[in-house]
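Everything on this sheet refers to the single structure shown next.
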Amino acid sequence: MSDSVSSPDPYVEQYPRDGSWVVVARGDLDMHTVPPLRRAMETAAVALPVLVLDVAEVTFADSSALNLLLVIHQSTTLRIAAPQPQLLRLLETTGADEILNIYPSTDHACAATAS
């Protein structure tokens with residue numbers, strides 16, 4: 001039995017964990033693929049006060065993804081887990097890494113929410 005919530009989009013998975021809601025994003029995040037992620041994150045932000053976004057399998061992110069992260073950050077406690085070098089570079093170049101909470105893994109992000 002899985003606690004995962006099915007999504008019509010194959011690139012988004014979500015589930016509760018340690019008092020937070022985890023949303024897993026995969027693949028490229030651009031203006032065409034961000035809408036399903038936005039819906040999942042907006043729903044998660046209402047469900048629990050802490051949202052962990054697992055981006056370990058994100059291969060590309062553009063300004064629409066960055067905008068989504070900053071907007072969601074304003075409405076909930078957002079924790080970014082396991083960003084790959086390309087996404088991390090985008091966050092660092094724009095200064096978003098100074099605003100967003102970034103963790104090396106989903107385990108670390110969820111453990112931080114439990115404490």
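Lettering and numbering for the structure tokens are positional, with chains as A, B, ... in the shown order, residues counted from 1 in each chain, and ligands counted from 1 in the shown order.
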Within 8 Å of range 51-63 of chain A using only C-alpha atoms, minus same-chain residues under 5 positions, as a PDB file with C-alpha atoms, in the first residue's frame:
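Written out: result19.pdb:
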```
ATOM      1  CA  SER A  20       5.486  17.755   5.862  1.00  0.00           C
ATOM      2  CA  TRP A  21       4.210  17.236   2.345  1.00  0.00           C
ATOM      3  CA  VAL A  22       6.771  16.054  -0.206  1.00  0.00           C
ATOM      4  CA  VAL A  23       6.355  16.893  -3.875  1.00  0.00           C
ATOM      5  CA  VAL A  24       8.749  15.134  -6.243  1.00  0.00           C
ATOM      6  CA  ALA A  25       9.476  16.854  -9.552  1.00  0.00           C
ATOM      7  CA  ARG A  26      11.222  15.160 -12.470  1.00  0.00           C
ATOM      8  CA  GLY A  27      12.606  16.169 -15.844  1.00  0.00           C
ATOM      9  CA  ASP A  28      12.654  19.669 -17.293  1.00  0.00           C
ATOM     10  CA  LEU A  29      10.868  22.493 -15.498  1.00  0.00           C
ATOM     11  CA  ASP A  30       9.908  25.148 -18.010  1.00  0.00           C
ATOM     12  CA  MET A  31       6.830  27.136 -18.968  1.00  0.00           C
ATOM     13  CA  MET A  41       2.603  22.654  -4.774  1.00  0.00           C
ATOM     14  CA  ALA A  44       0.395  20.880  -0.755  1.00  0.00           C
ATOM     15  CA  ALA A  45       0.855  24.369   0.708  1.00  0.00           C
ATOM     16  CA  THR A  76       4.343  28.221   3.018  1.00  0.00           C
ATOM     17  CA  THR A  77       7.558  26.904   4.517  1.00  0.00           C
ATOM     18  CA  LEU A  78       9.284  25.611   1.395  1.00  0.00           C
ATOM     19  CA  ARG A  79      12.326  23.363   1.555  1.00  0.00           C
ATOM     20  CA  ILE A  80      14.191  22.499  -1.648  1.00  0.00           C
ATOM     21  CA  ALA A  81      15.764  19.032  -1.517  1.00  0.00           C
ATOM     22  CA  ALA A  82      18.684  17.693  -3.567  1.00  0.00           C
ATOM     23  CA  PRO A  83      19.059  20.285  -6.328  1.00  0.00           C
ATOM     24  CA  GLN A  84      21.351  19.156  -9.134  1.00  0.00           C
ATOM     25  CA  GLN A  86      22.132  23.196 -13.027  1.00  0.00           C
ATOM     26  CA  LEU A  87      19.306  24.150 -10.685  1.00  0.00           C
ATOM     27  CA  LEU A  90      20.311  29.064 -11.217  1.00  0.00           C
ATOM     28  CA  SER A 105      18.417  15.423   0.378  1.00  0.00           C
ATOM     29  CA  THR A 106      14.752  14.829   1.078  1.00  0.00           C
ATOM     30  CA  ALA A 109      14.683  18.429   4.538  1.00  0.00           C
ATOM     31  CA  CYS A 110      12.092  16.232   6.246  1.00  0.00           C
TER      32      CYS A 110
END
```
Q) So which residues of range 50-99 of chain A fall under helix (DSSP H, G or I) by DSSP, listed as a ChimeraX atom specification? A) /A:63-75,85-94,96-98
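Interatomic distance, CA of Glu92 in chain A to CA of Pro49 in chain A: 25.4 Å.
Interatomic distance, CA of Gly19 in chain A to CA of Leu70 in chain A: 21.9 Å.
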(Q) As an exercise, work out the distance from CA of His108 in chain A to CA of Ser64 in chain A in Å and give it to one decimal place. (A) 25.9 Å
Q: Could you pull out the residues in chain A that DSSP calls strand (DSSP E or B) from the backbone, as a PyMOL selection string?
A: chain A and resi 5+12-17+20-29+50-61+77-81+101-103
